[in-house]
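Engineer: Got a file for you: query.txt, compact mmCIF, C-alpha atoms.
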# COMPACT_ATOMS: atom_id res chain seq x y z
CA MET A 94 12.61 39.18 4.90
CA VAL A 95 9.84 37.10 6.41
CA ALA A 96 10.20 36.32 10.09
CA SER A 97 11.05 32.63 10.30
CA VAL A 98 9.81 32.22 13.85
CA THR A 99 6.59 30.52 12.66
CA ASN A 100 8.03 27.87 10.36
CA LEU A 101 8.14 24.34 11.70
CA GLY A 102 11.85 23.74 12.14
CA ARG A 103 13.32 27.27 12.22
CA SER A 104 15.11 26.27 9.03
CA GLY A 105 14.04 25.81 5.45
CA LEU A 106 16.12 22.66 5.08
CA TYR A 107 14.49 21.04 8.11
CA ASP A 108 11.03 21.92 6.78
CA TRP A 109 12.02 20.50 3.41
CA VAL A 110 12.98 17.16 4.95
CA VAL A 111 9.84 17.04 7.14
CA GLN A 112 7.69 17.77 4.09
CA ARG A 113 9.22 14.88 2.14
CA LEU A 114 9.27 12.33 4.97
CA SER A 115 5.64 13.04 5.87
CA ALA A 116 4.73 12.90 2.16
CA VAL A 117 6.18 9.40 1.83
CA ILE A 118 4.30 8.19 4.94
CA LEU A 119 1.04 9.72 3.68
CA ALA A 120 1.51 8.23 0.20
CA LEU A 121 2.10 4.76 1.66
CA TYR A 122 -0.92 5.09 3.99
CA THR A 123 -3.17 6.33 1.15
CA LEU A 124 -2.11 3.54 -1.20
CA PHE A 125 -2.52 0.94 1.57
CA LEU A 126 -6.08 2.08 2.40
CA LEU A 127 -6.93 2.30 -1.31
CA GLY A 128 -5.63 -1.24 -1.85
CA PHE A 129 -7.57 -2.52 1.17
CA LEU A 130 -10.83 -0.91 -0.03
CA ILE A 131 -10.39 -2.17 -3.61
CA ALA A 132 -9.55 -5.68 -2.36
CA SER A 133 -12.76 -5.77 -0.31
CA PRO A 134 -15.57 -4.38 -2.47
CA ASP A 135 -18.30 -5.56 -0.09
CA LEU A 136 -16.66 -4.29 3.08
CA GLN A 137 -18.33 -5.28 6.34
CA TYR A 138 -18.05 -3.53 9.69
CA GLY A 139 -16.29 -6.44 11.41
CA GLN A 140 -13.54 -6.52 8.80
CA TRP A 141 -13.02 -2.73 8.92
CA GLN A 142 -13.12 -2.57 12.71
CA GLY A 143 -10.77 -5.57 12.88
CA LEU A 144 -8.22 -3.75 10.74
CA PHE A 145 -8.20 -0.67 12.98
CA ALA A 146 -8.13 -2.81 16.13
CA CYS A 147 -4.66 -4.09 15.18
CA THR A 148 -1.83 -2.36 17.03
CA TRP A 149 0.25 -1.96 13.86
CA MET A 150 -2.68 -0.25 12.12
CA LYS A 151 -3.09 2.13 15.07
CA VAL A 152 0.61 2.98 14.88
CA PHE A 153 0.46 3.34 11.05
CA SER A 154 -2.63 5.57 11.35
CA LEU A 155 -1.05 7.67 14.08
CA ALA A 156 2.07 8.11 11.94
CA ALA A 157 -0.19 9.27 9.08
CA LEU A 158 -2.09 11.63 11.41
CA ILE A 159 1.11 13.23 12.72
CA SER A 160 2.37 13.42 9.13
CA ILE A 161 -0.82 15.24 8.09
CA CYS A 162 -0.24 17.83 10.82
CA ALA A 163 3.42 18.42 9.97
CA HIS A 164 2.86 18.30 6.20
CA ALA A 165 -0.15 20.62 6.31
CA TRP A 166 1.64 23.06 8.60
CA VAL A 167 4.61 23.39 6.25
CA GLY A 168 2.25 23.69 3.27
CA MET A 169 -0.11 26.25 4.79
CA TRP A 170 2.83 28.19 6.25
CA THR A 171 4.34 28.40 2.75
CA ILE A 172 1.02 29.56 1.29
CA SER A 173 0.60 32.19 4.02
CA THR A 174 4.10 33.61 3.62
CA ASP A 175 3.66 33.71 -0.18
CA TYR A 176 0.35 35.56 -0.33
CA LEU A 177 -0.33 37.29 3.00
CA LYS A 178 1.99 40.26 3.30
CA ALA A 179 0.35 41.98 6.27
CA ALA A 180 1.85 40.38 9.38
CA ALA A 181 -1.35 40.54 11.43
CA ILE A 182 -3.42 38.77 8.77
CA ARG A 183 -0.67 36.21 8.18
CA PHE A 184 -0.40 35.39 11.88
CA ALA A 185 -4.19 35.18 12.20
CA PHE A 186 -4.31 32.75 9.26
CA GLN A 187 -1.50 30.67 10.76
CA LEU A 188 -3.28 30.63 14.10
CA VAL A 189 -6.46 29.31 12.48
CA CYS A 190 -4.41 26.63 10.69
CA ALA A 191 -2.74 25.61 13.94
CA GLY A 192 -6.17 25.43 15.58
CA PHE A 193 -7.48 23.13 12.83
CA LEU A 194 -4.45 20.86 13.05
CA PHE A 195 -4.60 20.65 16.85
CA VAL A 196 -8.26 19.61 16.62
CA TYR A 197 -7.43 17.07 13.89
CA LEU A 198 -4.68 15.57 16.04
CA VAL A 199 -6.72 15.23 19.24
CA TRP A 200 -9.85 14.09 17.36
CA GLY A 201 -7.86 11.56 15.31
CA ILE A 202 -6.14 10.09 18.37
CA ASP A 203 -9.54 9.83 20.08
CA ILE A 204 -10.99 7.96 17.07
CA LEU A 205 -8.04 5.59 16.77
CA TRP A 206 -7.84 4.75 20.47
CA SER A 207 -11.55 4.18 21.00
CA VAL A 208 -11.53 1.23 18.58
CA MET B 180 18.83 43.82 -6.06
CA ASN B 181 17.96 46.90 -8.12
CA SER B 182 14.53 47.92 -6.85
CA ASN B 183 13.84 50.03 -9.95
CA ARG B 184 13.44 46.97 -12.14
CA PRO B 185 9.91 46.63 -13.53
CA THR B 186 8.07 43.71 -11.98
CA ASN B 187 4.78 42.09 -12.87
CA LEU B 188 3.39 39.77 -10.24
CA ASP B 189 -0.25 40.24 -11.27
CA LEU B 190 -1.41 36.63 -11.48
CA THR B 191 -4.36 37.57 -13.70
CA THR B 192 -2.05 38.78 -16.48
CA ILE B 193 0.58 36.03 -16.26
CA GLU B 194 0.26 33.07 -18.62
CA LEU B 195 1.76 30.24 -16.56
CA PRO B 196 3.93 27.69 -18.35
CA LEU B 197 2.79 24.04 -18.01
CA PRO B 198 5.05 23.24 -15.03
CA GLY B 199 3.60 26.36 -13.39
CA LYS B 200 0.08 25.10 -13.95
CA ALA B 201 0.96 21.67 -12.54
CA SER B 202 2.52 23.42 -9.54
CA ILE B 203 -0.35 25.78 -8.71
CA LEU B 204 -2.82 22.87 -8.99
CA HIS B 205 -0.63 20.96 -6.50
CA ARG B 206 -0.91 23.91 -4.12
CA ILE B 207 -4.67 24.36 -4.62
CA SER B 208 -5.33 20.64 -4.12
CA GLY B 209 -3.26 20.75 -0.92
CA PHE B 210 -5.26 23.73 0.33
CA ILE B 211 -8.50 21.83 -0.35
CA LEU B 212 -7.16 18.71 1.41
CA PHE B 213 -6.37 20.75 4.52
CA PHE B 214 -10.11 21.23 5.05
CA ALA B 215 -11.07 17.83 3.61
CA VAL B 216 -9.34 16.14 6.57
CA ALA B 217 -12.34 17.20 8.70
CA PHE B 218 -14.68 15.23 6.41
CA MET B 219 -12.33 12.25 6.38
CA LEU B 220 -12.10 12.15 10.18
CA CYS B 221 -15.90 12.47 10.39
CA ALA B 222 -16.30 9.48 8.09
CA LEU B 223 -13.59 7.51 9.92
CA ALA B 224 -15.27 8.15 13.27
CA ALA B 225 -18.67 7.04 11.98
CA SER B 226 -17.21 3.97 10.24
CA LEU B 227 -15.55 2.72 13.42
CA GLU B 228 -18.02 3.68 16.14
CA SER B 229 -20.52 0.82 15.74
CA ALA B 230 -22.05 -1.53 13.16
CA GLU B 231 -25.09 0.77 13.04
CA SER B 232 -23.10 3.95 12.36
CA PHE B 233 -21.08 2.00 9.76
CA ALA B 234 -24.29 1.01 7.94
CA GLU B 235 -25.59 4.57 8.28
CA LEU B 236 -22.40 5.95 6.74
CA LYS B 237 -22.74 3.49 3.84
CA SER B 238 -26.28 4.74 3.17
CA VAL B 239 -25.13 8.38 3.36
CA PHE B 240 -22.86 7.64 0.37
CA ASP B 241 -25.99 7.01 -1.75
CA ASN B 242 -26.68 10.74 -1.59
CA GLY B 243 -25.67 12.56 -4.79
CA LEU B 244 -24.12 15.54 -3.00
CA VAL B 245 -22.08 13.28 -0.72
CA LYS B 246 -20.87 11.34 -3.77
CA PHE B 247 -19.85 14.62 -5.42
CA ILE B 248 -17.94 15.84 -2.34
CA THR B 249 -16.27 12.44 -2.00
CA TRP B 250 -15.24 12.57 -5.66
CA GLY B 251 -13.89 16.09 -5.13
CA ILE B 252 -11.81 15.03 -2.14
CA LEU B 253 -10.52 11.90 -3.93
CA SER B 254 -9.64 14.05 -6.97
CA ALA B 255 -7.68 16.53 -4.84
CA LEU B 256 -5.97 13.66 -3.03
CA GLY B 257 -5.17 11.80 -6.26
CA TYR B 258 -3.74 14.85 -8.01
CA HIS B 259 -1.78 15.94 -4.94
CA LEU B 260 -0.30 12.44 -4.67
CA VAL B 261 0.71 12.30 -8.36
CA ALA B 262 2.21 15.81 -8.28
CA GLY B 263 3.94 14.96 -4.99
CA VAL B 264 5.58 11.89 -6.52
CA LYS B 265 6.80 14.11 -9.38
CA HIS B 266 8.31 16.42 -6.75
CA LEU B 267 10.13 13.52 -5.08
CA LEU B 268 11.45 12.29 -8.45
CA MET B 269 12.72 15.79 -9.27
CA ASP B 270 14.38 15.91 -5.83
CA MET B 271 16.31 12.83 -6.94
CA GLY B 272 17.48 14.77 -9.98
CA ILE B 273 15.09 13.18 -12.49
CA GLY B 274 13.67 15.58 -15.08
CA GLU B 275 15.30 18.72 -13.70
CA THR B 276 16.03 20.33 -17.07
CA LYS B 277 13.63 22.81 -18.66
CA GLU B 278 12.46 20.17 -21.16
CA GLY B 279 12.31 17.52 -18.42
CA GLY B 280 10.21 19.84 -16.27
CA ARG B 281 7.75 20.26 -19.13
CA THR B 282 7.55 16.53 -19.79
CA GLY B 283 7.08 15.89 -16.06
CA ALA B 284 4.28 18.45 -15.93
CA ILE B 285 2.51 16.85 -18.91
CA ILE B 286 2.80 13.38 -17.34
CA THR B 287 1.53 14.76 -14.01
CA LEU B 288 -1.49 16.48 -15.62
CA VAL B 289 -2.37 13.43 -17.75
CA LEU B 290 -2.05 11.02 -14.80
CA GLY B 291 -4.04 13.50 -12.71
CA VAL B 292 -6.93 13.45 -15.18
CA ILE B 293 -6.83 9.64 -15.30
CA VAL B 294 -6.89 9.42 -11.49
CA ILE B 295 -9.79 11.90 -11.29
CA VAL B 296 -11.81 9.94 -13.88
CA LEU B 297 -11.07 6.64 -12.11
CA ALA B 298 -12.12 8.19 -8.78
CA GLY B 299 -15.40 9.22 -10.41
CA VAL B 300 -15.97 5.69 -11.74
CA TRP B 301 -15.24 4.30 -8.28
CA VAL B 302 -17.65 6.66 -6.50
CA TRP B 303 -20.56 6.27 -8.95
Can you give me the file's structure in the form of structure tokens?
Structural biologist:
Amino acid sequence: MVASVTNLGRSGLYDWVVQRLSAVILALYTLFLLGFLIASPDLQYGQWQGLFACTWMKVFSLAALISICAHAWVGMWTISTDYLKAAAIRFAFQLVCAGFLFVYLVWGIDILWSV
Amino acid sequence: MNSNRPTNLDLTTIELPLPGKASILHRISGFILFFAVAFMLCALAASLESAESFAELKSVFDNGLVKFITWGILSALGYHLVAGVKHLLMDMGIGETKEGGRTGAIITLVLGVIVIVLAGVWVW
């Protein structure tokens, strides 16, 4: 039995829901950005900066950023508990993942709020 | 469970069925995307900092290696998205049978290839 103290919601069902909700947000964000880039083949800085200056885009981007962190945590946690049997190595791997995600979150917020 | 049962979990000797292949590719693409986020944030930061850094970023995309990495990330993202949508459809009870799972895996792999080719056309 794998210790469940490191999974996101202490329960598999909660993780399952988080994984799906964040997936839907990330899919919508990806398709929106893809559509925007395809609709503007000769993208200029002003247009791009203008998009990210909108409050709704900041909120949408932040939702995607938080979703990345939650989604990636559940995914990497699952990978680590599937393949890394030695507890010390598994915890070390999870710690590195958490470090990456923390940096992504702070860095992402910094990027979004300096526009 | 009877612990004396023979088990074979040696991945190098297991021939995965199609849904298994679609699934492990979903996992691998997700693993790649975990690290790709760093590149994406780098590009986002440069694209938004100033008009100069935006122009600089655009010129960086002329580099062959950068194009290749971009294509790789878009491929991982595209496949992960397609396979993820299949997951959500199966959650709704669509294609849950053994045959349905196989059909879903074929559709996922075919759409994945199409998305990867389209991403390549877009980048180059």
Engineer: I'd like the neighbourhood of range 172-184 of chain A as a compact mmCIF listing (two decimals) with C-alpha atoms, in the coordinates of the input, where a residue qualifies if any of its atoms comes within 10 Å (using only C-alpha atoms), though same-chain residues fewer than 2 positions away should be ignored.
Structural biologist:
# COMPACT_ATOMS: atom_id res chain seq x y z
CA VAL A 95 9.84 37.10 6.41
CA ALA A 96 10.20 36.32 10.09
CA SER A 97 11.05 32.63 10.30
CA THR A 99 6.59 30.52 12.66
CA ASN A 100 8.03 27.87 10.36
CA TRP A 166 1.64 23.06 8.60
CA VAL A 167 4.61 23.39 6.25
CA GLY A 168 2.25 23.69 3.27
CA MET A 169 -0.11 26.25 4.79
CA TRP A 170 2.83 28.19 6.25
CA PHE A 186 -4.31 32.75 9.26
CA GLN A 187 -1.50 30.67 10.76
CA LEU A 188 -3.28 30.63 14.10
CA VAL A 189 -6.46 29.31 12.48
CA CYS A 190 -4.41 26.63 10.69
CA ARG B 206 -0.91 23.91 -4.12
CA ILE B 207 -4.67 24.36 -4.62
CA PHE B 210 -5.26 23.73 0.33
Engineer: For a quick check of your reading of the model, name the residues lying within 8 Å of the coordinate (3.9, 19.3, 5.2), counting only C-alpha atoms, and write them as a ChimeraX atom specification.
Structural biologist: /A:108,111-113,115-116,160-168
Engineer: Report the closest atom pair, with its distance in Å rounded to one decimal, for each residue of chain A that has an atom no farther than 6 Å from chain B; count only C-alpha atoms, sort by chain and then rising residue number, and write it as a Markdown table.
Structural biologist:
| residue | atom | partner | partner_atom | distance |
| --- | --- | --- | --- | --- |
| A:Tyr138 | CA | B:Ala230 | CA | 5.7 |
| A:Gln142 | CA | B:Leu227 | CA | 5.9 |
| A:Ile204 | CA | B:Ala224 | CA | 5.7 |
Engineer: Quick one: of A:Leu158, A:Leu144, A:Ala120, A:Val196, who's nearest to Tyr258 in chain B, counting all atoms listed in the file?
Structural biologist: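 The answer is A:Ala120, which sits nearest to Tyr258 in chain B.
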Engineer: Please identify all polymer residues within 8 Å of range 121-130 of chain A, counting only C-alpha atoms, omitting same-chain residues fewer than 4 positions from it, and present them as a list in words.
Structural biologist: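 Those residues are Val117, Pro134, Leu136, Phe153, Ser154 and Ala157 of chain A.
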Engineer: Can those selected residues be exported to a file as a short mmCIF file (atom, residue, chain, number, x, y, z; two decimals), in the frame of the given file so that it contains C-alpha atoms?
Structural biologist:
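And here's out-v7.cif as it stands now:
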data_model
loop_
_atom_site.label_atom_id
_atom_site.label_comp_id
_atom_site.auth_asym_id
_atom_site.auth_seq_id
_atom_site.Cartn_x
_atom_site.Cartn_y
_atom_site.Cartn_z
CA VAL A 117 6.18 9.40 1.83
CA PRO A 134 -15.57 -4.38 -2.47
CA LEU A 136 -16.66 -4.29 3.08
CA PHE A 153 0.46 3.34 11.05
CA SER A 154 -2.63 5.57 11.35
CA ALA A 157 -0.19 9.27 9.08
#
Engineer: Between CA of Asp241 in chain B and CA of Val294 in chain B, what is the spacing in Å?
Structural biologist: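 Separation between CA of Val294 in chain B and CA of Asp241 in chain B: 21.6 Å.
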Engineer: Using all atoms listed in the file, pick whichever of B:Glu275, B:Leu188, B:Gly299, B:Met269 has the shortest atom-to-atom distance to Gly251 in chain B.
Structural biologist: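 Counting all atoms listed in the file, the residue closest to Gly251 in chain B is B:Gly299.
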Engineer: Could you please determine the separation between CA of Ile285 in chain B and CA of Trp250 in chain B in Å, to one decimal place?
Structural biologist: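 Atom-to-atom, CA of Ile285 in chain B and CA of Trp250 in chain B are spaced 22.6 Å apart.
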